[in-house]
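Note: the block below is protein19.cif and it holds mmCIF, C-alpha atoms and all ligand atoms.
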```
data_coords
#
loop_
_atom_site.label_atom_id
_atom_site.label_comp_id
_atom_site.auth_asym_id
_atom_site.auth_seq_id
_atom_site.Cartn_x
_atom_site.Cartn_y
_atom_site.Cartn_z
CA MET A 2 3.27 126.22 91.40
CA PHE A 3 0.45 125.48 88.99
CA ASP A 4 1.53 125.86 85.38
CA VAL A 5 -1.14 125.18 82.78
CA GLN A 6 1.38 124.43 80.01
CA THR A 7 2.99 121.72 82.17
CA VAL A 8 -0.48 120.31 82.85
CA ARG A 9 -1.30 120.35 79.14
CA ALA A 10 1.84 118.35 78.40
CA ASP A 11 0.46 115.59 80.66
CA PHE A 12 -2.53 115.05 78.32
CA PRO A 13 -1.40 113.54 75.00
CA ILE A 14 -4.71 114.11 73.21
CA LEU A 15 -4.36 117.88 73.56
CA SER A 16 -1.58 117.96 70.99
CA ARG A 17 -3.73 116.50 68.22
CA GLU A 18 -5.62 118.40 65.57
CA VAL A 19 -9.31 118.15 64.71
CA ASN A 20 -10.50 119.25 61.27
CA GLY A 21 -7.02 120.59 60.59
CA LYS A 22 -7.10 122.85 63.65
CA PRO A 23 -5.52 122.45 67.10
CA LEU A 24 -8.02 120.75 69.38
CA VAL A 25 -9.77 123.12 71.80
CA TYR A 26 -11.50 120.71 74.13
CA LEU A 27 -14.35 122.44 75.96
CA ASP A 28 -16.57 119.41 76.55
CA ASN A 29 -15.19 118.53 79.96
CA GLY A 30 -18.63 118.57 81.55
CA ALA A 31 -19.51 115.54 79.43
CA SER A 32 -16.19 113.77 79.98
CA ALA A 33 -12.64 114.88 80.67
CA GLN A 34 -9.46 113.81 78.85
CA LYS A 35 -6.96 111.50 80.51
CA PRO A 36 -3.39 112.30 81.58
CA GLN A 37 -0.56 110.00 80.52
CA VAL A 38 -0.19 108.65 84.08
CA VAL A 39 -3.74 107.26 83.88
CA ILE A 40 -3.17 105.79 80.42
CA ASP A 41 0.10 104.22 81.66
CA ALA A 42 -1.61 102.80 84.75
CA ILE A 43 -4.25 101.13 82.57
CA THR A 44 -1.57 99.66 80.28
CA GLN A 45 0.46 98.46 83.27
CA ALA A 46 -2.59 96.90 84.92
CA TYR A 47 -3.57 94.97 81.78
CA SER A 48 -0.07 94.09 80.59
CA GLN A 49 1.61 93.17 83.91
CA GLU A 50 -0.78 93.04 86.84
CA TYR A 51 -4.13 91.72 85.69
CA ALA A 52 -6.26 89.10 87.43
CA ASN A 53 -9.64 89.05 89.08
CA VAL A 54 -9.80 90.59 92.55
CA HIS A 55 -10.80 89.30 95.99
CA ARG A 56 -11.21 85.61 95.22
CA GLY A 57 -7.79 84.37 94.22
CA LEU A 58 -4.92 83.14 96.30
CA HIS A 59 -2.31 83.54 93.59
CA TYR A 60 0.23 86.31 93.20
CA LEU A 61 -1.48 88.32 90.45
CA SER A 62 -4.87 88.16 92.10
CA ASN A 63 -3.40 89.41 95.35
CA LEU A 64 -1.56 92.19 93.51
CA ALA A 65 -4.69 93.27 91.59
CA THR A 66 -6.71 93.15 94.83
CA GLU A 67 -4.15 95.27 96.63
CA LYS A 68 -4.11 97.88 93.84
CA TYR A 69 -7.89 97.88 93.51
CA GLU A 70 -8.58 98.10 97.24
CA ALA A 71 -6.02 100.90 97.66
CA VAL A 72 -8.27 103.04 95.47
CA ARG A 73 -10.96 102.98 98.16
CA GLY A 74 -8.52 104.77 100.45
CA THR A 75 -7.61 107.25 97.71
CA ILE A 76 -11.28 108.10 97.16
CA ALA A 77 -11.83 108.45 100.92
CA LYS A 78 -8.89 110.86 101.04
CA PHE A 79 -10.11 112.77 97.98
CA LEU A 80 -13.54 113.30 99.58
CA ASN A 81 -12.19 113.46 103.14
CA ALA A 82 -14.50 110.66 104.28
CA ALA A 83 -14.04 109.56 107.90
CA SER A 84 -13.51 105.95 106.85
CA GLU A 85 -12.87 104.12 103.59
CA ASP A 86 -15.64 101.72 104.62
CA GLU A 87 -18.04 104.55 103.68
CA ILE A 88 -16.91 104.40 100.05
CA VAL A 89 -18.91 102.13 97.73
CA MET A 90 -17.05 101.73 94.45
CA ASN A 91 -19.16 101.51 91.32
CA SER A 92 -19.40 102.46 87.64
CA GLY A 93 -20.29 106.11 88.25
CA THR A 94 -22.91 108.51 89.53
CA THR A 95 -25.83 106.91 87.69
CA GLU A 96 -25.23 103.60 89.43
CA GLY A 97 -24.61 105.30 92.77
CA ILE A 98 -27.88 107.25 92.82
CA ASN A 99 -29.88 104.28 91.53
CA MET A 100 -28.44 102.23 94.38
CA ILE A 101 -29.59 104.76 96.98
CA ALA A 102 -33.06 104.88 95.42
CA TYR A 103 -33.36 101.09 95.32
CA SER A 104 -31.57 100.12 98.52
CA TRP A 105 -32.29 102.97 100.91
CA LEU A 106 -35.16 105.25 99.93
CA GLY A 107 -37.41 102.82 98.00
CA PRO A 108 -38.06 100.49 100.94
CA LYS A 109 -38.71 103.48 103.24
CA ILE A 110 -41.21 105.10 100.85
CA LYS A 111 -42.94 101.77 100.30
CA GLU A 112 -43.19 101.03 104.02
CA GLU A 113 -44.42 104.51 104.91
CA GLY A 114 -46.90 104.67 102.01
CA GLY A 115 -45.29 107.64 100.20
CA GLY A 116 -43.18 110.68 100.94
CA GLU A 117 -41.57 113.66 99.25
CA ILE A 118 -38.20 114.03 97.60
CA VAL A 119 -36.99 117.63 97.27
CA LEU A 120 -35.03 118.35 94.08
CA SER A 121 -33.74 121.44 92.31
CA VAL A 122 -34.93 122.12 88.78
CA MET A 123 -31.36 121.89 87.52
CA GLU A 124 -30.81 118.21 88.35
CA HIS A 125 -29.31 115.86 85.79
CA HIS A 126 -31.57 112.97 84.73
CA ALA A 127 -29.35 110.66 86.81
CA ASN A 128 -30.65 112.52 89.86
CA ILE A 129 -34.26 112.60 88.62
CA VAL A 130 -35.20 109.34 86.95
CA PRO A 131 -34.37 107.07 89.93
CA TRP A 132 -36.78 109.20 92.00
CA HIS A 133 -39.42 109.01 89.24
CA PHE A 134 -39.10 105.22 89.61
CA LEU A 135 -40.09 105.63 93.27
CA ARG A 136 -42.98 107.87 92.22
CA GLU A 137 -44.18 105.25 89.74
CA ARG A 138 -43.64 102.23 91.99
CA HIS A 139 -44.32 103.50 95.49
CA GLY A 140 -46.24 106.78 95.16
CA ALA A 141 -43.39 109.15 96.09
CA THR A 142 -43.88 112.85 95.32
CA LEU A 143 -41.18 114.94 93.63
CA LYS A 144 -41.04 118.52 94.91
CA TRP A 145 -39.13 120.94 92.70
CA VAL A 146 -37.28 124.13 93.61
CA ASP A 147 -36.65 126.61 90.78
CA THR A 148 -33.54 128.64 90.05
CA ASP A 149 -33.80 132.42 89.64
CA ALA A 150 -33.16 134.40 86.45
CA THR A 151 -29.39 134.29 86.98
CA GLY A 152 -29.40 130.53 87.48
CA ALA A 153 -28.76 130.85 91.22
CA LEU A 154 -30.56 128.57 93.65
CA ASP A 155 -31.89 130.32 96.72
CA THR A 156 -30.82 128.11 99.62
CA GLN A 157 -33.75 129.32 101.72
CA LYS A 158 -36.22 128.17 99.03
CA VAL A 159 -34.76 124.67 99.23
CA ILE A 160 -34.94 124.71 103.01
CA ASP A 161 -38.55 125.98 102.92
CA ALA A 162 -39.49 123.12 100.58
CA ILE A 163 -38.49 120.55 103.22
CA GLY A 164 -41.69 119.59 104.99
CA PRO A 165 -42.93 116.91 107.38
CA ASP A 166 -43.31 114.39 104.52
CA THR A 167 -39.85 114.97 103.05
CA LYS A 168 -37.78 111.80 103.08
CA LEU A 169 -34.75 113.07 101.14
CA VAL A 170 -33.23 116.17 99.59
CA ALA A 171 -31.41 115.13 96.39
CA ILE A 172 -29.43 118.00 94.99
CA THR A 173 -26.52 118.74 92.71
CA HIS A 174 -23.42 120.45 94.06
CA VAL A 175 -22.70 122.09 90.69
CA SER A 176 -25.11 122.31 87.75
CA ASN A 177 -23.83 120.58 84.62
CA VAL A 178 -25.66 123.17 82.46
CA LEU A 179 -25.36 126.49 84.30
CA GLY A 180 -22.28 125.88 86.43
CA THR A 181 -24.20 127.18 89.46
CA VAL A 182 -22.59 126.18 92.76
CA VAL A 183 -25.14 125.15 95.37
CA ASP A 184 -24.54 125.84 99.06
CA VAL A 185 -24.99 122.19 99.96
CA LYS A 186 -23.53 122.62 103.44
CA ALA A 187 -26.27 125.08 104.45
CA ILE A 188 -28.92 122.81 102.94
CA VAL A 189 -27.58 119.78 104.82
CA GLU A 190 -27.53 121.68 108.11
CA ALA A 191 -31.15 122.79 107.73
CA ALA A 192 -32.34 119.42 106.40
CA HIS A 193 -30.69 117.54 109.26
CA ALA A 194 -32.31 119.93 111.73
CA LYS A 195 -35.61 118.70 110.28
CA GLY A 196 -34.41 115.06 110.39
CA VAL A 197 -34.06 114.76 106.60
CA PRO A 198 -31.02 113.11 104.94
CA VAL A 199 -29.35 114.73 101.91
CA LEU A 200 -27.90 113.20 98.77
CA VAL A 201 -25.45 115.39 96.85
CA ASP A 202 -24.69 114.76 93.19
CA GLY A 203 -21.02 115.68 93.06
CA SER A 204 -20.46 114.68 89.42
CA GLN A 205 -19.57 118.20 88.31
CA ALA A 206 -18.27 119.62 91.58
CA ALA A 207 -15.57 117.16 92.57
CA VAL A 208 -13.52 117.94 89.46
CA HIS A 209 -13.50 121.70 90.02
CA MET A 210 -13.12 122.24 93.78
CA PRO A 211 -11.96 120.57 96.98
CA VAL A 212 -14.76 118.44 98.44
CA ASP A 213 -14.99 117.54 102.11
CA VAL A 214 -17.95 115.28 102.84
CA GLN A 215 -17.45 115.60 106.59
CA ASP A 216 -17.56 119.37 106.37
CA ILE A 217 -20.62 119.28 104.08
CA GLY A 218 -22.15 116.73 106.44
CA CYS A 219 -24.19 115.02 103.70
CA ASP A 220 -25.44 111.45 103.85
CA PHE A 221 -24.58 110.51 100.27
CA TYR A 222 -22.11 112.06 97.79
CA ALA A 223 -21.87 110.62 94.27
CA ILE A 224 -18.88 110.99 91.95
CA THR A 225 -18.15 109.68 88.47
CA GLY A 226 -14.62 108.81 87.36
CA HIS A 227 -14.64 109.82 83.71
CA LYS A 228 -15.23 113.47 84.59
CA LEU A 229 -12.33 113.33 87.07
CA TYR A 230 -9.70 112.63 84.39
CA GLY A 231 -10.17 108.90 85.07
CA PRO A 232 -11.58 106.03 82.99
CA SER A 233 -15.24 105.72 82.06
CA GLY A 234 -17.02 103.00 84.01
CA SER A 235 -15.38 104.04 87.28
CA GLY A 236 -16.89 105.93 90.18
CA ALA A 237 -18.01 105.83 93.77
CA ILE A 238 -20.58 106.97 96.23
CA TYR A 239 -19.83 108.10 99.74
CA VAL A 240 -22.46 106.79 102.14
CA ARG A 241 -22.42 107.89 105.77
CA LYS A 242 -22.12 104.81 107.97
CA GLU A 243 -25.51 105.22 109.67
CA ARG A 244 -27.18 105.17 106.23
CA LEU A 245 -25.09 102.19 105.10
CA ALA A 246 -26.45 100.25 108.04
CA GLU A 247 -30.02 101.04 106.90
CA MET A 248 -29.52 99.88 103.32
CA ARG A 249 -30.65 96.59 101.93
CA PRO A 250 -28.43 94.98 99.27
CA PHE A 251 -28.54 96.32 95.71
CA LEU A 252 -27.29 93.89 93.07
CA GLY A 253 -27.00 90.24 94.09
CA GLY A 254 -24.08 88.05 93.10
CA GLY A 255 -20.52 87.17 93.94
CA ASP A 256 -18.43 89.18 96.40
CA MET A 257 -21.37 90.76 98.24
CA ILE A 258 -22.23 87.66 100.26
CA ARG A 259 -20.93 86.00 103.38
CA GLU A 260 -22.56 82.61 102.78
CA VAL A 261 -25.02 81.17 100.32
CA SER A 262 -26.85 77.86 100.66
CA LYS A 263 -29.91 76.46 98.94
CA ASP A 264 -32.16 78.05 101.52
CA VAL A 265 -30.32 81.00 103.02
CA VAL A 266 -28.09 83.91 102.07
CA THR A 267 -26.13 86.17 104.39
CA TYR A 268 -24.36 89.31 103.26
CA ALA A 269 -20.89 90.72 103.53
CA ASP A 270 -20.40 93.85 105.62
CA PRO A 271 -20.59 97.22 103.86
CA PRO A 272 -19.12 98.41 101.58
CA MET A 273 -18.64 94.93 100.01
CA LYS A 274 -22.34 94.23 100.54
CA PHE A 275 -23.01 96.77 97.78
CA GLU A 276 -20.35 95.63 95.31
CA ALA A 277 -21.67 92.53 93.56
CA GLY A 278 -19.79 90.77 90.80
CA THR A 279 -16.47 91.46 89.14
CA PRO A 280 -15.93 95.21 89.39
CA GLY A 281 -14.27 97.55 86.90
CA ILE A 282 -10.87 96.53 88.24
CA VAL A 283 -8.65 98.41 85.82
CA GLN A 284 -11.03 101.37 85.53
CA MET A 285 -10.91 101.82 89.30
CA ILE A 286 -7.12 101.52 89.36
CA GLY A 287 -7.04 104.24 86.70
CA LEU A 288 -9.39 106.38 88.77
CA GLY A 289 -7.10 106.08 91.79
CA VAL A 290 -4.21 107.40 89.69
CA ALA A 291 -6.39 110.23 88.31
CA LEU A 292 -7.39 111.34 91.82
CA ASP A 293 -3.76 111.21 92.95
CA TYR A 294 -2.90 113.31 89.89
CA MET A 295 -5.50 115.93 90.82
CA MET A 296 -4.47 115.96 94.47
CA GLY A 297 -0.86 116.30 93.30
CA LEU A 298 -1.78 119.43 91.34
CA GLY A 299 -3.71 120.62 94.39
CA MET A 300 -7.48 121.03 94.36
CA GLN A 301 -7.13 124.64 95.51
CA ASN A 302 -4.78 125.33 92.58
CA ILE A 303 -7.22 123.69 90.17
CA ALA A 304 -10.08 125.76 91.59
CA ALA A 305 -8.05 128.97 91.32
CA HIS A 306 -7.03 128.27 87.71
CA GLU A 307 -10.61 127.51 86.72
CA ALA A 308 -11.93 130.60 88.53
CA HIS A 309 -9.56 132.61 86.35
CA LEU A 310 -10.91 130.86 83.22
CA ARG A 311 -14.48 131.42 84.39
CA ASP A 312 -13.95 135.13 84.96
CA TYR A 313 -12.19 135.54 81.61
CA ALA A 314 -14.91 133.62 79.76
CA ALA A 315 -17.71 135.47 81.59
CA GLN A 316 -16.23 138.77 80.50
CA LYS A 317 -15.57 137.71 76.87
CA LEU A 318 -18.83 135.86 76.31
CA GLY A 319 -20.77 138.51 78.25
CA GLY A 320 -19.53 141.08 75.73
CA LEU A 321 -21.30 139.35 72.83
CA ASN A 322 -24.70 141.01 72.86
CA TRP A 323 -26.17 138.45 70.43
CA LEU A 324 -25.26 135.56 72.69
CA ASN A 325 -27.85 134.51 75.28
CA LEU A 326 -25.90 133.22 78.26
CA GLN A 327 -27.77 130.97 80.65
CA GLY A 328 -26.52 131.08 84.21
CA THR A 329 -24.86 134.38 85.00
CA THR A 330 -24.60 134.01 88.76
CA ALA A 331 -21.12 134.85 90.07
CA ASP A 332 -20.83 131.72 92.18
CA LYS A 333 -20.38 129.22 89.39
CA ALA A 334 -17.93 126.79 87.89
CA ALA A 335 -16.37 127.43 84.45
CA ILE A 336 -19.39 126.00 82.62
CA PHE A 337 -21.21 128.21 80.09
CA SER A 338 -24.46 127.43 78.34
CA PHE A 339 -25.76 129.67 75.61
CA THR A 340 -28.00 130.07 72.61
CA LEU A 341 -27.58 132.49 69.73
CA ASP A 342 -29.98 135.12 68.47
CA GLY A 343 -31.43 134.22 65.09
CA ALA A 344 -32.25 130.84 63.69
CA ALA A 345 -29.14 128.90 64.67
CA HIS A 346 -29.91 125.74 66.60
CA ALA A 347 -27.44 124.63 69.25
CA HIS A 348 -26.47 121.71 67.00
CA ASP A 349 -25.64 124.09 64.13
CA ILE A 350 -23.46 126.18 66.42
CA SER A 351 -21.53 123.16 67.67
CA THR A 352 -21.02 121.93 64.10
CA VAL A 353 -19.48 125.26 63.08
CA LEU A 354 -17.33 125.33 66.21
CA ASP A 355 -16.17 121.80 65.45
CA LYS A 356 -14.89 122.96 62.07
CA LYS A 357 -12.64 125.32 64.04
CA GLY A 358 -11.41 122.47 66.24
CA VAL A 359 -13.57 123.58 69.19
CA ALA A 360 -15.38 120.72 70.95
CA VAL A 361 -18.52 121.78 72.86
CA ARG A 362 -21.76 119.96 73.62
CA ALA A 363 -25.18 120.81 72.23
CA GLY A 364 -28.50 119.47 73.40
CA HIS A 365 -30.61 119.18 76.52
CA HIS A 366 -27.64 117.98 78.63
CA CYS A 367 -29.86 115.38 80.34
CA ALA A 368 -31.60 118.22 82.16
CA GLY A 369 -35.18 118.20 80.80
CA PRO A 370 -36.83 120.09 83.70
CA LEU A 371 -34.18 122.84 83.48
CA MET A 372 -34.65 123.21 79.72
CA ASP A 373 -38.41 123.63 80.34
CA HIS A 374 -37.71 126.15 83.10
CA LEU A 375 -35.40 128.14 80.81
CA GLY A 376 -37.88 127.90 77.93
CA VAL A 377 -35.38 126.37 75.50
CA THR A 378 -35.11 122.95 73.89
CA ALA A 379 -31.32 122.90 73.74
CA THR A 380 -28.23 124.96 74.52
CA CYS A 381 -24.60 124.89 73.54
CA ARG A 382 -22.28 124.27 76.46
CA ALA A 383 -18.61 125.11 76.82
CA SER A 384 -17.22 123.49 79.97
CA MET A 385 -13.65 123.99 81.03
CA GLY A 386 -11.11 121.85 82.80
CA VAL A 387 -7.71 121.96 84.37
CA TYR A 388 -5.84 122.13 81.04
CA ASN A 389 -7.83 124.90 79.34
CA THR A 390 -6.35 128.33 78.68
CA THR A 391 -7.59 131.88 78.10
CA GLU A 392 -6.20 131.60 74.55
CA GLU A 393 -8.62 128.72 73.96
CA ILE A 394 -11.48 130.90 75.16
CA ASP A 395 -10.38 133.45 72.53
CA VAL A 396 -10.59 130.71 69.87
CA LEU A 397 -14.11 129.90 71.09
CA VAL A 398 -15.12 133.56 70.91
CA ASP A 399 -13.72 133.92 67.34
CA ALA A 400 -15.60 130.80 66.27
CA LEU A 401 -18.81 132.14 67.82
CA GLU A 402 -18.33 135.41 65.91
CA LEU A 403 -18.22 133.31 62.75
CA CYS A 404 -21.49 131.60 63.77
CA HIS A 405 -23.05 134.99 64.32
CA ASP A 406 -21.94 136.12 60.84
CA LEU A 407 -23.28 132.92 59.29
CA PHE A 408 -26.61 132.72 61.07
CA ALA A 409 -27.57 136.29 61.95
N1 LIG A 501 -25.04 114.26 87.42
C1 LIG A 501 -24.46 115.28 86.78
C2 LIG A 501 -24.58 116.67 87.35
C3 LIG A 501 -23.78 115.05 85.58
O1 LIG A 501 -23.22 116.08 84.93
C4 LIG A 501 -23.68 113.73 85.08
C5 LIG A 501 -22.96 113.42 83.79
N2 LIG A 501 -23.29 114.25 82.71
C6 LIG A 501 -24.28 112.70 85.80
C7 LIG A 501 -24.95 113.00 86.96
C8 LIG A 501 -24.23 111.28 85.34
O2 LIG A 501 -22.94 110.78 85.35
P1 LIG A 501 -22.63 109.36 84.70
O3 LIG A 501 -23.26 109.38 83.35
O4 LIG A 501 -21.14 109.32 84.64
O5 LIG A 501 -23.20 108.33 85.59
#
```
How does the structure come out when it is put into structure tokens?
Ligand code: PMP
Amino acid sequence: MFDVQTVRADFPILSREVNGKPLVYLDNGASAQKPQVVIDAITQAYSQEYANVHRGLHYLSNLATEKYEAVRGTIAKFLNAASEDEIVMNSGTTEGINMIAYSWLGPKIKEEGGGEIVLSVMEHHANIVPWHFLRERHGATLKWVDTDATGALDTQKVIDAIGPDTKLVAITHVSNVLGTVVDVKAIVEAAHAKGVPVLVDGSQAAVHMPVDVQDIGCDFYAITGHKLYGPSGSGAIYVRKERLAEMRPFLGGGDMIREVSKDVVTYADPPMKFEAGTPGIVQMIGLGVALDYMMGLGMQNIAAHEAHLRDYAAQKLGGLNWLNLQGTTADKAAIFSFTLDGAAHAHDISTVLDKKGVAVRAGHHCAGPLMDHLGVTATCRASMGVYNTTEEIDVLVDALELCHDLFA
């Protein structure tokens, strides 16, 4: 049975106060808090089990390697990848998508003298800027698909945008600003029918719902550890094995080679080929524990709890007729972006909320094209996680009422 109070007790930071008020942490879309098991795993790794991985023949190095490499299997299980060899461990989504741009798509676009990349307008900069690099360097074209007035993305519009020159569809599974859930499975099916691979940015989705990369059928699926109740600087990208075989190395250095001489270099097999240098050993160990923690709670249970929060928040926030909610589609995660009637800037709203102990994010949320599409420069965003409660949503609503009184 899922019990939110038991879950809350697992996260020590939730019992602290901020500005003399109990912390109401609604900035999970930016980064999630860490359960004690993750904090303990980090302490244990540094205090009892630390050494560099892969290279050593001594006890601690073998132990650290064993713990670190086990995480690959945990990630494969979490994403239901067919093989753990399809999991490239890295520092997070930004690194993962940059690797695909540099190692897989860049050489293709260069060789073929251009090509299109289909994107939705609600992509995070991490799933935009690496493709802009390919536009600047190799003449790629970015083709954008807009959301409708409710923040929904019409799957058919994405499919229609895939043309003979399309080399990749790069799309988020869940919008970090609107919470919109994208039907990535339908997009993959249609894209593959046209011979086009699909990259899914799973940064926001993997924390809120069960993810099955085999069922989705995508070629690439990026996740980032700090949003998954794990340490910052941890993450991974699932790469289907056919695509792995097409990729040239990314960063060069130790661990990713087979042999190096003065004249020649040969590379390790994937996934090691894409993991140069000393990795985030302890961060990844912490991520493994975080994913086990989530799977222990049950991803279906997490999704059900957050659907309840979403529905409660949609009803409460929807009742404030001076609040402009962005993203009202029903099929969304518990992520709410809004602006307020009157002069209040998103930053002013978040400052007032902070005085009430409520942590939200204000700004463009690294989603410039979406801000332009919505005709705003910034929004306030309340994003919920596994430990949030309906009572906390009430605190948010009370604090917003205060903003309205102050700024109206
Ligand atoms: N994509 C989405 C949808 C995100 O929300 C984020 C983080 N805000 C990222 C990519 C980038 O993740 P990271 O900064 O951890 O690499």
Can you build me a table of chain A residues sitting at most 9 Å from ligand LIG 501 (chain A), with the closest atom pair per residue and its distance in Å to one decimal, using only C-alpha atoms and all ligand atoms, sorted by chain and residue number, as a Markdown table?
```
| residue | atom | partner | partner_atom | distance |
| --- | --- | --- | --- | --- |
| A:Gly30 | CA | A:LIG501 | O1 | 6.2 |
| A:Ala31 | CA | A:LIG501 | N2 | 5.2 |
| A:Ser32 | CA | A:LIG501 | N2 | 7.6 |
| A:Ser92 | CA | A:LIG501 | O5 | 7.3 |
| A:Gly93 | CA | A:LIG501 | O5 | 4.5 |
| A:Thr94 | CA | A:LIG501 | O5 | 4.0 |
| A:Thr95 | CA | A:LIG501 | O5 | 3.7 |
| A:Glu96 | CA | A:LIG501 | O5 | 6.4 |
| A:Gly97 | CA | A:LIG501 | O5 | 7.9 |
| A:Ile98 | CA | A:LIG501 | O5 | 8.7 |
| A:Met123 | CA | A:LIG501 | C2 | 8.6 |
| A:Glu124 | CA | A:LIG501 | C2 | 6.5 |
| A:His125 | CA | A:LIG501 | N1 | 4.8 |
| A:His126 | CA | A:LIG501 | C7 | 7.0 |
| A:Ala127 | CA | A:LIG501 | C7 | 5.0 |
| A:Asn128 | CA | A:LIG501 | N1 | 6.4 |
| A:Thr173 | CA | A:LIG501 | C2 | 6.1 |
| A:His174 | CA | A:LIG501 | C2 | 7.8 |
| A:Val175 | CA | A:LIG501 | C2 | 6.6 |
| A:Ser176 | CA | A:LIG501 | C2 | 5.7 |
| A:Asn177 | CA | A:LIG501 | O1 | 4.6 |
| A:Val178 | CA | A:LIG501 | O1 | 7.9 |
| A:Asp202 | CA | A:LIG501 | N1 | 5.8 |
| A:Gly203 | CA | A:LIG501 | C2 | 6.8 |
| A:Ser204 | CA | A:LIG501 | C1 | 4.8 |
| A:Gln205 | CA | A:LIG501 | C2 | 5.3 |
| A:Ala206 | CA | A:LIG501 | C2 | 8.1 |
| A:Ala223 | CA | A:LIG501 | C7 | 8.3 |
| A:Ile224 | CA | A:LIG501 | O2 | 7.8 |
| A:Thr225 | CA | A:LIG501 | O4 | 4.9 |
| A:Gly226 | CA | A:LIG501 | O4 | 7.1 |
| A:His227 | CA | A:LIG501 | O4 | 6.6 |
| A:Lys228 | CA | A:LIG501 | O4 | 7.2 |
| A:Ser233 | CA | A:LIG501 | O4 | 7.4 |
| A:Gly234 | CA | A:LIG501 | O4 | 7.6 |
| A:Ser235 | CA | A:LIG501 | O4 | 8.2 |
| A:Gly236 | CA | A:LIG501 | O4 | 7.8 |
| A:His366 | CA | A:LIG501 | N2 | 7.0 |
| A:Cys367 | CA | A:LIG501 | N2 | 7.1 |
| A:Ala368 | CA | A:LIG501 | C2 | 8.9 |
```
Quiz prompt | Distance query stretch 259-274 of chain A at most 10 Å, all atoms listed in the file, self and fewer than 6 positions along chain excluded, as a list in words | solution = Arg73, Glu85, Asp86, Glu87, Ile88, Val89, Met90, Tyr239, Val240, Lys242, Leu245, Ala246, Met248, Arg249, Pro250, Phe251, Leu252 and Gly253 of chain A
Quiz item: Which one of A:Glu117, A:Asp28, A:Ala347, A:Lys78 sits closest to A:His365 if you count all atoms listed in the file?
Solution: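 Answer, going by the shortest atom-to-atom distance: A:Ala347.
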Quiz item: Neighbours of A:Thr142 within 10 Å (all atoms listed in the file; same-chain residues fewer than 2 positions away dropped), as a list in words?
Solution: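 Final neighbour list, sorted by chain and number: Ile110, Gly115, Gly116, Glu117, Ile118, Val119, Trp132, His133, Leu135, Arg136, Glu137, His139, Gly140, Lys144, Trp145, Asp166, Thr167 and Lys168 of chain A.
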Exercise. Around the point (-19.3, 125.1, 79.4) in the file's coordinates, collect all residues with an atom within 9 Å, using only C-alpha atoms, and return them as a PyMOL selection string.
Key: chain A and resi 27-30+177-180+334-339+361-362+381-385
Quiz item: How far is it from atom CA of A:Asp216 to atom CA of A:Ala162, in Å with one decimal?
Solution: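 Straight-line distance from atom CA of A:Asp216 to atom CA of A:Ala162 works out to 23.0 Å.
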Quiz item: Which one of A:Leu298, A:Leu397, A:Ala102, A:Val212 sits closest to A:Val8 if you count only C-alpha atoms?
Solution: A:Leu298
Exercise. Would you kindly return, as a PyMOL selection string, each protein, DNA or RNA residue with an atom no farther than 12 Å from any atom of A:Val290, considering all atoms listed in the file and excluding same-chain residues fewer than 2 positions away?
Key: chain A and resi 35-43+45-46+68-69+71-76+79+226+229-232+235+283-288+292-297
Quiz prompt | Coordinates-based distance that separates atom CA of A:Gly358 from atom CA of A:Val25 (Å, one decimal) | solution =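 Going from atom CA of A:Val25 over to atom CA of A:Gly358, I get 5.8 Å.
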Quiz item: Using only C-alpha atoms, which of the listed residues (A:Val146, A:Ala291, A:Ile238, A:Leu324) sits closest to A:Ala77?
Solution: A:Ile238
Quiz prompt | Counting only C-alpha atoms, the residue of A:Ser48, A:Asn322, A:Gln327, A:Thr391 that sits nearest A:Met372 | solution = A:Gln327
Exercise. Have a look at atom CA of A:Asp312 and atom CA of A:Asp395 and let me know their distance in Å, one decimal.
Key: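 Going from atom CA of A:Asp312 over to atom CA of A:Asp395 covers 13.0 Å.
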Show which residues sit within 12 Å of A:Gln157, as a PDB file with C-alpha atoms, keeping the file's coordinate frame. Count all atoms listed in the file, and ignore same-chain residues fewer than 5 positions away.
```pdb
ATOM      1  CA  VAL A 146     -37.280 124.130  93.610  1.00  0.00           C
ATOM      2  CA  ASP A 147     -36.650 126.610  90.780  1.00  0.00           C
ATOM      3  CA  THR A 148     -33.540 128.640  90.050  1.00  0.00           C
ATOM      4  CA  ALA A 162     -39.490 123.120 100.580  1.00  0.00           C
ATOM      5  CA  ILE A 163     -38.490 120.550 103.220  1.00  0.00           C
ATOM      6  CA  VAL A 183     -25.140 125.150  95.370  1.00  0.00           C
ATOM      7  CA  ASP A 184     -24.540 125.840  99.060  1.00  0.00           C
ATOM      8  CA  VAL A 185     -24.990 122.190  99.960  1.00  0.00           C
ATOM      9  CA  ALA A 187     -26.270 125.080 104.450  1.00  0.00           C
ATOM     10  CA  ILE A 188     -28.920 122.810 102.940  1.00  0.00           C
ATOM     11  CA  VAL A 189     -27.580 119.780 104.820  1.00  0.00           C
ATOM     12  CA  GLU A 190     -27.530 121.680 108.110  1.00  0.00           C
ATOM     13  CA  ALA A 191     -31.150 122.790 107.730  1.00  0.00           C
ATOM     14  CA  ALA A 192     -32.340 119.420 106.400  1.00  0.00           C
TER      15      ALA A 192
END
```
Quiz prompt | Counting all atoms listed in the file, the residue of A:Asp342, A:Glu113, A:Glu243, A:Glu392 that sits nearest A:Leu407 | solution =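 Of A:Asp342, A:Glu113, A:Glu243, A:Glu392, the one nearest A:Leu407 is A:Asp342, counting all atoms listed in the file.
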